[in-house]
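Enquirer: This is start_29.pdb, which holds PDB, C-alpha atoms:
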ATOM      1  CA  MET A   1     -87.473   2.216  21.038  1.00  0.00           C
ATOM      2  CA  LYS A   2     -85.579   4.395  23.518  1.00  0.00           C
ATOM      3  CA  THR A   3     -83.510   1.400  24.633  1.00  0.00           C
ATOM      4  CA  ARG A   4     -82.319   0.764  21.062  1.00  0.00           C
ATOM      5  CA  ALA A   5     -81.382   4.402  20.645  1.00  0.00           C
ATOM      6  CA  ILE A   6     -79.462   4.420  23.925  1.00  0.00           C
ATOM      7  CA  ILE A   7     -77.629   1.202  23.021  1.00  0.00           C
ATOM      8  CA  SER A   8     -76.803   2.648  19.608  1.00  0.00           C
ATOM      9  CA  VAL A   9     -75.391   5.828  21.111  1.00  0.00           C
ATOM     10  CA  VAL A  10     -73.370   3.928  23.729  1.00  0.00           C
ATOM     11  CA  CYS A  11     -71.907   1.591  21.097  1.00  0.00           C
ATOM     12  CA  SER A  12     -71.023   4.536  18.871  1.00  0.00           C
ATOM     13  CA  LEU A  13     -69.322   6.332  21.740  1.00  0.00           C
ATOM     14  CA  LEU A  14     -67.385   3.205  22.656  1.00  0.00           C
ATOM     15  CA  LEU A  15     -66.176   2.792  19.090  1.00  0.00           C
ATOM     16  CA  LEU A  16     -65.194   6.451  18.851  1.00  0.00           C
ATOM     17  CA  GLY A  17     -63.437   6.254  22.200  1.00  0.00           C
ATOM     18  CA  CYS A  18     -61.281   3.324  21.138  1.00  0.00           C
ATOM     19  CA  THR A  19     -58.378   5.297  19.751  1.00  0.00           C
ATOM     20  CA  GLY A  20     -55.779   2.871  21.072  1.00  0.00           C
ATOM     21  CA  GLY A  21     -53.701   0.539  18.993  1.00  0.00           C
ATOM     22  CA  TYR A  22     -56.426  -1.347  17.152  1.00  0.00           C
ATOM     23  CA  SER A  23     -57.962  -0.994  13.722  1.00  0.00           C
ATOM     24  CA  PHE A  24     -60.670  -2.932  11.918  1.00  0.00           C
ATOM     25  CA  THR A  25     -57.989  -4.657   9.819  1.00  0.00           C
ATOM     26  CA  GLY A  26     -56.676  -6.367  12.947  1.00  0.00           C
ATOM     27  CA  ALA A  27     -53.588  -4.194  13.039  1.00  0.00           C
ATOM     28  CA  SER A  28     -52.048  -3.848  16.464  1.00  0.00           C
ATOM     29  CA  ILE A  29     -50.035  -0.649  16.560  1.00  0.00           C
ATOM     30  CA  PRO A  30     -48.787   1.106  19.690  1.00  0.00           C
ATOM     31  CA  PRO A  31     -51.016   4.161  20.262  1.00  0.00           C
ATOM     32  CA  GLU A  32     -47.988   6.453  20.418  1.00  0.00           C
ATOM     33  CA  ALA A  33     -46.897   5.390  16.889  1.00  0.00           C
ATOM     34  CA  LYS A  34     -48.094   8.046  14.465  1.00  0.00           C
ATOM     35  CA  THR A  35     -45.935   7.625  11.359  1.00  0.00           C
ATOM     36  CA  ILE A  36     -44.508   4.962   9.086  1.00  0.00           C
ATOM     37  CA  SER A  37     -41.645   5.265   6.636  1.00  0.00           C
ATOM     38  CA  VAL A  38     -41.058   2.800   3.808  1.00  0.00           C
ATOM     39  CA  ALA A  39     -37.656   3.030   2.149  1.00  0.00           C
ATOM     40  CA  THR A  40     -37.297   2.151  -1.520  1.00  0.00           C
ATOM     41  CA  PHE A  41     -36.378  -1.520  -1.903  1.00  0.00           C
ATOM     42  CA  PRO A  42     -33.231  -1.725  -4.067  1.00  0.00           C
ATOM     43  CA  ASN A  43     -33.189  -4.615  -6.502  1.00  0.00           C
ATOM     44  CA  TYR A  44     -30.204  -6.928  -6.004  1.00  0.00           C
ATOM     45  CA  ALA A  45     -31.722  -9.934  -7.782  1.00  0.00           C
ATOM     46  CA  SER A  46     -29.651 -11.520 -10.540  1.00  0.00           C
ATOM     47  CA  THR A  47     -32.527 -10.769 -12.936  1.00  0.00           C
ATOM     48  CA  VAL A  48     -33.940  -7.266 -12.554  1.00  0.00           C
ATOM     49  CA  ASN A  49     -37.456  -6.237 -13.463  1.00  0.00           C
ATOM     50  CA  PRO A  50     -37.206  -2.432 -13.717  1.00  0.00           C
ATOM     51  CA  GLN A  51     -40.717  -1.833 -12.323  1.00  0.00           C
ATOM     52  CA  LEU A  52     -40.483  -4.188  -9.350  1.00  0.00           C
ATOM     53  CA  SER A  53     -38.677  -1.971  -6.859  1.00  0.00           C
ATOM     54  CA  GLN A  54     -41.049   0.982  -7.229  1.00  0.00           C
ATOM     55  CA  LYS A  55     -44.167  -1.208  -7.386  1.00  0.00           C
ATOM     56  CA  LEU A  56     -43.253  -3.071  -4.201  1.00  0.00           C
ATOM     57  CA  THR A  57     -42.367   0.117  -2.328  1.00  0.00           C
ATOM     58  CA  ASP A  58     -45.484   2.002  -3.474  1.00  0.00           C
ATOM     59  CA  GLU A  59     -47.879  -0.856  -2.750  1.00  0.00           C
ATOM     60  CA  LEU A  60     -46.425  -1.443   0.703  1.00  0.00           C
ATOM     61  CA  MET A  61     -46.685   2.271   1.499  1.00  0.00           C
ATOM     62  CA  GLN A  62     -50.283   2.342   0.217  1.00  0.00           C
ATOM     63  CA  MET A  63     -51.213  -0.694   2.304  1.00  0.00           C
ATOM     64  CA  PHE A  64     -49.999   0.917   5.524  1.00  0.00           C
ATOM     65  CA  ALA A  65     -51.644   4.238   4.634  1.00  0.00           C
ATOM     66  CA  SER A  66     -55.017   2.704   3.777  1.00  0.00           C
ATOM     67  CA  GLN A  67     -55.253   0.031   6.477  1.00  0.00           C
ATOM     68  CA  THR A  68     -53.879   1.932   9.459  1.00  0.00           C
ATOM     69  CA  SER A  69     -54.188   5.431  10.864  1.00  0.00           C
ATOM     70  CA  LEU A  70     -50.452   5.988  10.405  1.00  0.00           C
ATOM     71  CA  ASP A  71     -49.186   8.938   8.384  1.00  0.00           C
ATOM     72  CA  VAL A  72     -46.557   8.126   5.776  1.00  0.00           C
ATOM     73  CA  ALA A  73     -43.247   9.888   6.460  1.00  0.00           C
ATOM     74  CA  ASN A  74     -40.342  10.193   4.034  1.00  0.00           C
ATOM     75  CA  SER A  75     -37.922   8.827   6.639  1.00  0.00           C
ATOM     76  CA  ASP A  76     -37.493   8.116  10.333  1.00  0.00           C
ATOM     77  CA  GLY A  77     -41.090   7.066  10.974  1.00  0.00           C
ATOM     78  CA  ASP A  78     -42.165   5.614  14.304  1.00  0.00           C
ATOM     79  CA  LEU A  79     -42.414   2.375  12.308  1.00  0.00           C
ATOM     80  CA  GLN A  80     -39.764   1.846   9.623  1.00  0.00           C
ATOM     81  CA  VAL A  81     -39.767  -0.658   6.786  1.00  0.00           C
ATOM     82  CA  SER A  82     -36.708  -1.183   4.623  1.00  0.00           C
ATOM     83  CA  GLY A  83     -35.249  -4.024   2.669  1.00  0.00           C
ATOM     84  CA  GLU A  84     -34.057  -5.296  -0.657  1.00  0.00           C
ATOM     85  CA  ILE A  85     -35.207  -7.512  -3.472  1.00  0.00           C
ATOM     86  CA  THR A  86     -32.927 -10.535  -3.422  1.00  0.00           C
ATOM     87  CA  GLY A  87     -34.544 -12.864  -5.920  1.00  0.00           C
ATOM     88  CA  TYR A  88     -36.514 -12.700  -9.163  1.00  0.00           C
ATOM     89  CA  GLU A  89     -36.424 -15.910 -11.102  1.00  0.00           C
ATOM     90  CA  THR A  90     -38.463 -18.077 -13.379  1.00  0.00           C
ATOM     91  CA  ARG A  91     -37.874 -21.787 -13.696  1.00  0.00           C
ATOM     92  CA  ALA A  92     -39.650 -24.998 -14.583  1.00  0.00           C
ATOM     93  CA  SER A  93     -42.050 -26.202 -11.905  1.00  0.00           C
ATOM     94  CA  ALA A  94     -43.812 -29.179 -13.511  1.00  0.00           C
ATOM     95  CA  LEU A  95     -43.195 -31.734 -16.220  1.00  0.00           C
ATOM     96  CA  SER A  96     -45.727 -33.404 -18.488  1.00  0.00           C
ATOM     97  CA  ALA A  97     -46.009 -37.161 -18.938  1.00  0.00           C
ATOM     98  CA  SER A  98     -43.562 -36.888 -21.836  1.00  0.00           C
ATOM     99  CA  ASP A  99     -40.967 -35.129 -19.627  1.00  0.00           C
ATOM    100  CA  GLU A 100     -41.537 -31.746 -21.221  1.00  0.00           C
ATOM    101  CA  VAL A 101     -41.904 -28.614 -19.110  1.00  0.00           C
ATOM    102  CA  SER A 102     -45.609 -27.945 -18.660  1.00  0.00           C
ATOM    103  CA  MET A 103     -45.516 -25.230 -15.978  1.00  0.00           C
ATOM    104  CA  ASN A 104     -43.061 -22.497 -15.070  1.00  0.00           C
ATOM    105  CA  ARG A 105     -42.826 -20.585 -11.801  1.00  0.00           C
ATOM    106  CA  LEU A 106     -41.963 -16.939 -11.177  1.00  0.00           C
ATOM    107  CA  THR A 107     -40.580 -16.463  -7.663  1.00  0.00           C
ATOM    108  CA  ILE A 108     -39.850 -13.119  -6.004  1.00  0.00           C
ATOM    109  CA  THR A 109     -37.885 -12.954  -2.754  1.00  0.00           C
ATOM    110  CA  VAL A 110     -37.373  -9.912  -0.538  1.00  0.00           C
ATOM    111  CA  LYS A 111     -35.410  -9.359   2.636  1.00  0.00           C
ATOM    112  CA  VAL A 112     -37.220  -6.994   5.019  1.00  0.00           C
ATOM    113  CA  LYS A 113     -36.121  -5.091   8.093  1.00  0.00           C
ATOM    114  CA  PHE A 114     -38.860  -3.697  10.332  1.00  0.00           C
ATOM    115  CA  VAL A 115     -38.111  -1.275  13.158  1.00  0.00           C
ATOM    116  CA  ASN A 116     -40.740  -0.223  15.682  1.00  0.00           C
ATOM    117  CA  THR A 117     -39.245   2.701  17.614  1.00  0.00           C
ATOM    118  CA  LYS A 118     -42.092   2.533  20.157  1.00  0.00           C
ATOM    119  CA  ASP A 119     -41.866  -1.227  20.774  1.00  0.00           C
ATOM    120  CA  PRO A 120     -38.419  -2.654  19.908  1.00  0.00           C
ATOM    121  CA  ASP A 121     -39.616  -6.177  20.775  1.00  0.00           C
ATOM    122  CA  ALA A 122     -41.663  -6.015  17.555  1.00  0.00           C
ATOM    123  CA  ASP A 123     -38.564  -5.432  15.370  1.00  0.00           C
ATOM    124  CA  PHE A 124     -37.650  -8.147  12.880  1.00  0.00           C
ATOM    125  CA  GLU A 125     -35.487  -9.012   9.912  1.00  0.00           C
ATOM    126  CA  GLN A 126     -36.968 -11.687   7.702  1.00  0.00           C
ATOM    127  CA  GLN A 127     -36.981 -13.009   4.177  1.00  0.00           C
ATOM    128  CA  PHE A 128     -40.319 -13.279   2.366  1.00  0.00           C
ATOM    129  CA  SER A 129     -40.896 -15.225  -0.816  1.00  0.00           C
ATOM    130  CA  ARG A 130     -43.938 -15.776  -3.018  1.00  0.00           C
ATOM    131  CA  TYR A 131     -44.454 -17.378  -6.413  1.00  0.00           C
ATOM    132  CA  ARG A 132     -46.938 -17.879  -9.214  1.00  0.00           C
ATOM    133  CA  ASP A 133     -47.069 -20.740 -11.684  1.00  0.00           C
ATOM    134  CA  TYR A 134     -47.958 -20.229 -15.334  1.00  0.00           C
ATOM    135  CA  ALA A 135     -48.293 -22.504 -18.353  1.00  0.00           C
ATOM    136  CA  ALA A 136     -45.002 -23.121 -20.154  1.00  0.00           C
ATOM    137  CA  THR A 137     -46.816 -22.520 -23.441  1.00  0.00           C
ATOM    138  CA  LEU A 138     -47.266 -18.854 -22.496  1.00  0.00           C
ATOM    139  CA  ASP A 139     -44.685 -16.241 -23.416  1.00  0.00           C
ATOM    140  CA  PHE A 140     -43.239 -14.978 -20.119  1.00  0.00           C
ATOM    141  CA  SER A 141     -43.147 -11.373 -21.317  1.00  0.00           C
ATOM    142  CA  ALA A 142     -46.910 -11.564 -21.960  1.00  0.00           C
ATOM    143  CA  VAL A 143     -47.745 -12.672 -18.398  1.00  0.00           C
ATOM    144  CA  GLU A 144     -44.865 -11.165 -16.406  1.00  0.00           C
ATOM    145  CA  SER A 145     -46.611  -7.937 -15.428  1.00  0.00           C
ATOM    146  CA  SER A 146     -49.761  -9.609 -14.062  1.00  0.00           C
ATOM    147  CA  LEU A 147     -47.773 -12.327 -12.271  1.00  0.00           C
ATOM    148  CA  MET A 148     -45.505  -9.711 -10.701  1.00  0.00           C
ATOM    149  CA  SER A 149     -48.500  -7.653  -9.525  1.00  0.00           C
ATOM    150  CA  GLU A 150     -50.135 -10.675  -7.877  1.00  0.00           C
ATOM    151  CA  ILE A 151     -46.907 -11.687  -6.154  1.00  0.00           C
ATOM    152  CA  VAL A 152     -46.176  -8.137  -4.967  1.00  0.00           C
ATOM    153  CA  THR A 153     -49.650  -7.901  -3.421  1.00  0.00           C
ATOM    154  CA  GLU A 154     -49.094 -11.149  -1.519  1.00  0.00           C
ATOM    155  CA  LEU A 155     -45.616 -10.083  -0.377  1.00  0.00           C
ATOM    156  CA  CYS A 156     -46.995  -6.769   0.881  1.00  0.00           C
ATOM    157  CA  GLU A 157     -49.758  -8.576   2.775  1.00  0.00           C
ATOM    158  CA  ASP A 158     -47.164 -10.884   4.357  1.00  0.00           C
ATOM    159  CA  ILE A 159     -44.950  -7.963   5.382  1.00  0.00           C
ATOM    160  CA  PHE A 160     -47.903  -5.932   6.687  1.00  0.00           C
ATOM    161  CA  ASN A 161     -49.222  -8.889   8.700  1.00  0.00           C
ATOM    162  CA  LYS A 162     -45.820  -9.640  10.211  1.00  0.00           C
ATOM    163  CA  ALA A 163     -45.262  -5.976  11.076  1.00  0.00           C
ATOM    164  CA  VAL A 164     -48.572  -4.944  12.592  1.00  0.00           C
ATOM    165  CA  VAL A 165     -50.973  -7.890  12.838  1.00  0.00           C
ATOM    166  CA  ASN A 166     -50.233 -10.106  15.803  1.00  0.00           C
ATOM    167  CA  TRP A 167     -51.293 -13.471  14.415  1.00  0.00           C
TER     168      TRP A 167
END
Do you think you could lay out the structure here as structure tokens?
Expert:
Amino acid sequence: MKTRAIISVVCSLLLLGCTGGYSFTGASIPPEAKTISVATFPNYASTVNPQLSQKLTDELMQMFASQTSLDVANSDGDLQVSGEITGYETRASALSASDEVSMNRLTITVKVKFVNTKDPDADFEQQFSRYRDYAATLDFSAVESSLMSEIVTELCEDIFNKAVVNW
């Protein structure tokens, strides 16, 4: 019984002592990085969804705040995420046997710049794109909000993983 207690205490101390650049999400962040700033993503897509910019920015900020030990700063964080929405389009993605549109696809594309002031080798500029298909029989305005939310979540996961998860 004493052995189990000792092992438990040692393991707890080891976990508490690991304050380096690792979190249980797999994030690899330099230990000296304490803050992250996420600039609002302006929407330069030819079709503009008025909620998209704020939703993307807020969700990305929330992801970093909840899955890392970083504090969110208004600007000039140790890690900095900025970018722009470059695409928001819906188009046919599948035809039926009678050559009628059976599925449509909403695609959202963002261009992201990531700056790591503590490790410049981790900096990147990259385009990210995600989509969702929906039945052509559905009214786009009825499904747009849920499709956008799903796509934004996936885009934020992609950006987060590229920025701080070394996969």
Enquirer: Extract, using all atoms listed in the file, all DNA, RNA and protein residues at most 10 Å from A:Lys162, discarding same-chain residues fewer than 6 positions from it, and format them as a list in words.
Expert: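 So, after excluding close chain neighbours, the residues are Ala27, Phe114, Ala122, Asp123, Phe124, Gln126 and Cys156 of chain A.
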Enquirer: Enumerate, as a list in words, the protein, DNA and RNA residues whose atoms approach (-50.7, -19.5, -18.9) to within 12 Å, taking into account only C-alpha atoms and the coordinate frame of the file.
Expert: Ser102, Met103, Asn104, Arg105, Leu106, Arg132, Asp133, Tyr134, Ala135, Ala136, Thr137, Leu138, Asp139, Phe140, Ser141, Ala142, Val143, Glu144, Ser146 and Leu147 of chain A
Enquirer: Just the residues within 6 Å of stretch 71-87 of chain A, please, counting all atoms listed in the file, with nothing from its chain fewer than 6 positions along; format it as a CSV table (one decimal) with C-alpha atoms, keeping the file's coordinate frame.
Expert:
chain,number,residue,atom,x,y,z
A,33,ALA,CA,-46.9,5.4,16.9
A,35,THR,CA,-45.9,7.6,11.4
A,36,ILE,CA,-44.5,5.0,9.1
A,37,SER,CA,-41.6,5.3,6.6
A,38,VAL,CA,-41.1,2.8,3.8
A,39,ALA,CA,-37.7,3.0,2.1
A,41,PHE,CA,-36.4,-1.5,-1.9
A,42,PRO,CA,-33.2,-1.7,-4.1
A,43,ASN,CA,-33.2,-4.6,-6.5
A,44,TYR,CA,-30.2,-6.9,-6.0
A,45,ALA,CA,-31.7,-9.9,-7.8
A,108,ILE,CA,-39.8,-13.1,-6.0
A,109,THR,CA,-37.9,-13.0,-2.8
A,110,VAL,CA,-37.4,-9.9,-0.5
A,111,LYS,CA,-35.4,-9.4,2.6
A,112,VAL,CA,-37.2,-7.0,5.0
A,113,LYS,CA,-36.1,-5.1,8.1
A,114,PHE,CA,-38.9,-3.7,10.3
A,115,VAL,CA,-38.1,-1.3,13.2
A,116,ASN,CA,-40.7,-0.2,15.7
A,117,THR,CA,-39.2,2.7,17.6
Enquirer: Using all atoms listed in the file, can you tell me which of A:Tyr88, A:Phe128, A:Thr68, A:Glu32 comes closest to A:Ser46?
Expert: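 For A:Ser46, the nearest of the candidates is A:Tyr88.
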Enquirer: For A:Leu52, list every protein, DNA or RNA residue within 8 Å, evaluated using all atoms listed in the file, and leave out those in the same chain fewer than 4 positions away; present the list as an NGL selection string.
Expert: :A and (43 or 48 or 56 or 148)
Enquirer: Can you tell me how far atom CA of A:Ile159 sits from atom CA of A:Leu70, in Å to one decimal?
Expert: 15.8 Å
Enquirer: In Å, with one decimal, what is the gap from atom CA of A:Thr57 to atom CA of A:Val164?
Expert: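 Separation between atom CA of A:Thr57 and atom CA of A:Val164: 16.9 Å.
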Enquirer: With all atoms listed in the file as the counted atoms, please give the residues lying no more than 10 Å from A:Leu155, apart from itself and same-chain residues fewer than 2 positions off, as an mmCIF file with C-alpha atoms, in the coordinates of the input.
Expert:
data_model
loop_
_atom_site.group_PDB
_atom_site.id
_atom_site.type_symbol
_atom_site.label_atom_id
_atom_site.label_comp_id
_atom_site.auth_asym_id
_atom_site.auth_seq_id
_atom_site.Cartn_x
_atom_site.Cartn_y
_atom_site.Cartn_z
ATOM 1 C CA LEU A 56 -43.253 -3.071 -4.201
ATOM 2 C CA GLU A 59 -47.879 -0.856 -2.750
ATOM 3 C CA LEU A 60 -46.425 -1.443 0.703
ATOM 4 C CA ILE A 108 -39.850 -13.119 -6.004
ATOM 5 C CA THR A 109 -37.885 -12.954 -2.754
ATOM 6 C CA VAL A 110 -37.373 -9.912 -0.538
ATOM 7 C CA PHE A 128 -40.319 -13.279 2.366
ATOM 8 C CA SER A 129 -40.896 -15.225 -0.816
ATOM 9 C CA ARG A 130 -43.938 -15.776 -3.018
ATOM 10 C CA TYR A 131 -44.454 -17.378 -6.413
ATOM 11 C CA SER A 149 -48.500 -7.653 -9.525
ATOM 12 C CA GLU A 150 -50.135 -10.675 -7.877
ATOM 13 C CA ILE A 151 -46.907 -11.687 -6.154
ATOM 14 C CA VAL A 152 -46.176 -8.137 -4.967
ATOM 15 C CA THR A 153 -49.650 -7.901 -3.421
ATOM 16 C CA GLU A 157 -49.758 -8.576 2.775
ATOM 17 C CA ASP A 158 -47.164 -10.884 4.357
ATOM 18 C CA ILE A 159 -44.950 -7.963 5.382
ATOM 19 C CA PHE A 160 -47.903 -5.932 6.687
ATOM 20 C CA ASN A 161 -49.222 -8.889 8.700
#
Enquirer: Which residue out of A:Gln127, A:Lys34, A:Asn49, A:Glu89 has the minimum interatomic distance to A:Ala65 when all atoms listed in the file are used?
Expert: A:Lys34
Enquirer: Could you state the separation of atom CA of A:Ser145 and atom CA of A:Thr107 in Å, given to one decimal place?
Expert: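 If I compute the distance from atom CA of A:Ser145 to atom CA of A:Thr107, I get 13.0 Å.
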Enquirer: Once you've located stretch 90-110 of chain A in the structure I gave, write it as a PDB file, in the first residue's frame, keeping N, CA, C and O atoms.
Expert:
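Generated output (part_8.pdb):
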ATOM      1  N   THR A  90     -20.538  29.033 -52.516  1.00  0.00           N
ATOM      2  CA  THR A  90     -21.336  27.818 -52.624  1.00  0.00           C
ATOM      3  C   THR A  90     -21.506  27.512 -54.101  1.00  0.00           C
ATOM      4  O   THR A  90     -21.713  28.427 -54.911  1.00  0.00           O
ATOM      5  N   ARG A  91     -21.319  26.248 -54.424  1.00  0.00           N
ATOM      6  CA  ARG A  91     -21.466  25.817 -55.816  1.00  0.00           C
ATOM      7  C   ARG A  91     -21.871  24.357 -55.859  1.00  0.00           C
ATOM      8  O   ARG A  91     -21.751  23.640 -54.873  1.00  0.00           O
ATOM      9  N   ALA A  92     -22.301  23.926 -57.018  1.00  0.00           N
ATOM     10  CA  ALA A  92     -22.726  22.539 -57.202  1.00  0.00           C
ATOM     11  C   ALA A  92     -21.537  21.601 -56.994  1.00  0.00           C
ATOM     12  O   ALA A  92     -20.426  21.894 -57.429  1.00  0.00           O
ATOM     13  N   SER A  93     -21.784  20.487 -56.306  1.00  0.00           N
ATOM     14  CA  SER A  93     -20.697  19.534 -56.091  1.00  0.00           C
ATOM     15  C   SER A  93     -21.022  18.129 -56.606  1.00  0.00           C
ATOM     16  O   SER A  93     -20.136  17.303 -56.716  1.00  0.00           O
ATOM     17  N   ALA A  94     -22.287  17.874 -56.909  1.00  0.00           N
ATOM     18  CA  ALA A  94     -22.654  16.549 -57.433  1.00  0.00           C
ATOM     19  C   ALA A  94     -23.913  16.655 -58.283  1.00  0.00           C
ATOM     20  O   ALA A  94     -24.800  17.467 -58.006  1.00  0.00           O
ATOM     21  N   LEU A  95     -23.944  15.820 -59.306  1.00  0.00           N
ATOM     22  CA  LEU A  95     -25.110  15.756 -60.188  1.00  0.00           C
ATOM     23  C   LEU A  95     -25.827  14.425 -60.013  1.00  0.00           C
ATOM     24  O   LEU A  95     -25.203  13.402 -59.722  1.00  0.00           O
ATOM     25  N   SER A  96     -27.125  14.439 -60.224  1.00  0.00           N
ATOM     26  CA  SER A  96     -27.908  13.203 -60.172  1.00  0.00           C
ATOM     27  C   SER A  96     -27.800  12.492 -61.520  1.00  0.00           C
ATOM     28  O   SER A  96     -27.205  13.006 -62.467  1.00  0.00           O
ATOM     29  N   ALA A  97     -28.397  11.337 -61.612  1.00  0.00           N
ATOM     30  CA  ALA A  97     -28.377  10.564 -62.858  1.00  0.00           C
ATOM     31  C   ALA A  97     -29.015  11.338 -64.010  1.00  0.00           C
ATOM     32  O   ALA A  97     -28.661  11.140 -65.169  1.00  0.00           O
ATOM     33  N   SER A  98     -29.934  12.234 -63.684  1.00  0.00           N
ATOM     34  CA  SER A  98     -30.598  13.018 -64.728  1.00  0.00           C
ATOM     35  C   SER A  98     -29.914  14.375 -64.944  1.00  0.00           C
ATOM     36  O   SER A  98     -30.525  15.298 -65.475  1.00  0.00           O
ATOM     37  N   ASP A  99     -28.653  14.479 -64.554  1.00  0.00           N
ATOM     38  CA  ASP A  99     -27.843  15.686 -64.729  1.00  0.00           C
ATOM     39  C   ASP A  99     -28.389  16.919 -64.018  1.00  0.00           C
ATOM     40  O   ASP A  99     -28.163  18.051 -64.452  1.00  0.00           O
ATOM     41  N   GLU A 100     -29.102  16.706 -62.933  1.00  0.00           N
ATOM     42  CA  GLU A 100     -29.559  17.815 -62.114  1.00  0.00           C
ATOM     43  C   GLU A 100     -28.647  17.908 -60.888  1.00  0.00           C
ATOM     44  O   GLU A 100     -28.134  16.898 -60.407  1.00  0.00           O
ATOM     45  N   VAL A 101     -28.464  19.099 -60.386  1.00  0.00           N
ATOM     46  CA  VAL A 101     -27.630  19.278 -59.193  1.00  0.00           C
ATOM     47  C   VAL A 101     -28.297  18.581 -58.008  1.00  0.00           C
ATOM     48  O   VAL A 101     -29.462  18.845 -57.697  1.00  0.00           O
ATOM     49  N   SER A 102     -27.555  17.673 -57.382  1.00  0.00           N
ATOM     50  CA  SER A 102     -28.097  16.971 -56.221  1.00  0.00           C
ATOM     51  C   SER A 102     -27.444  17.421 -54.909  1.00  0.00           C
ATOM     52  O   SER A 102     -28.045  17.306 -53.845  1.00  0.00           O
ATOM     53  N   MET A 103     -26.214  17.921 -54.998  1.00  0.00           N
ATOM     54  CA  MET A 103     -25.497  18.388 -53.811  1.00  0.00           C
ATOM     55  C   MET A 103     -24.813  19.715 -54.133  1.00  0.00           C
ATOM     56  O   MET A 103     -24.312  19.911 -55.241  1.00  0.00           O
ATOM     57  N   ASN A 104     -24.787  20.584 -53.135  1.00  0.00           N
ATOM     58  CA  ASN A 104     -24.047  21.832 -53.216  1.00  0.00           C
ATOM     59  C   ASN A 104     -22.947  21.809 -52.163  1.00  0.00           C
ATOM     60  O   ASN A 104     -23.009  21.029 -51.204  1.00  0.00           O
ATOM     61  N   ARG A 105     -21.979  22.668 -52.313  1.00  0.00           N
ATOM     62  CA  ARG A 105     -20.837  22.714 -51.396  1.00  0.00           C
ATOM     63  C   ARG A 105     -20.562  24.160 -50.992  1.00  0.00           C
ATOM     64  O   ARG A 105     -20.390  25.018 -51.835  1.00  0.00           O
ATOM     65  N   LEU A 106     -20.506  24.384 -49.673  1.00  0.00           N
ATOM     66  CA  LEU A 106     -20.057  25.668 -49.140  1.00  0.00           C
ATOM     67  C   LEU A 106     -18.586  25.521 -48.790  1.00  0.00           C
ATOM     68  O   LEU A 106     -18.214  24.621 -48.040  1.00  0.00           O
ATOM     69  N   THR A 107     -17.756  26.398 -49.344  1.00  0.00           N
ATOM     70  CA  THR A 107     -16.316  26.375 -49.089  1.00  0.00           C
ATOM     71  C   THR A 107     -15.897  27.715 -48.497  1.00  0.00           C
ATOM     72  O   THR A 107     -16.279  28.769 -49.008  1.00  0.00           O
ATOM     73  N   ILE A 108     -15.116  27.646 -47.417  1.00  0.00           N
ATOM     74  CA  ILE A 108     -14.562  28.852 -46.796  1.00  0.00           C
ATOM     75  C   ILE A 108     -13.045  28.728 -46.840  1.00  0.00           C
ATOM     76  O   ILE A 108     -12.480  27.696 -46.474  1.00  0.00           O
ATOM     77  N   THR A 109     -12.391  29.793 -47.291  1.00  0.00           N
ATOM     78  CA  THR A 109     -10.935  29.817 -47.398  1.00  0.00           C
ATOM     79  C   THR A 109     -10.396  31.011 -46.627  1.00  0.00           C
ATOM     80  O   THR A 109     -10.942  32.116 -46.715  1.00  0.00           O
ATOM     81  N   VAL A 110      -9.338  30.763 -45.849  1.00  0.00           N
ATOM     82  CA  VAL A 110      -8.689  31.836 -45.095  1.00  0.00           C
ATOM     83  C   VAL A 110      -7.188  31.787 -45.336  1.00  0.00           C
ATOM     84  O   VAL A 110      -6.612  30.722 -45.541  1.00  0.00           O
TER      85      VAL A 110
END
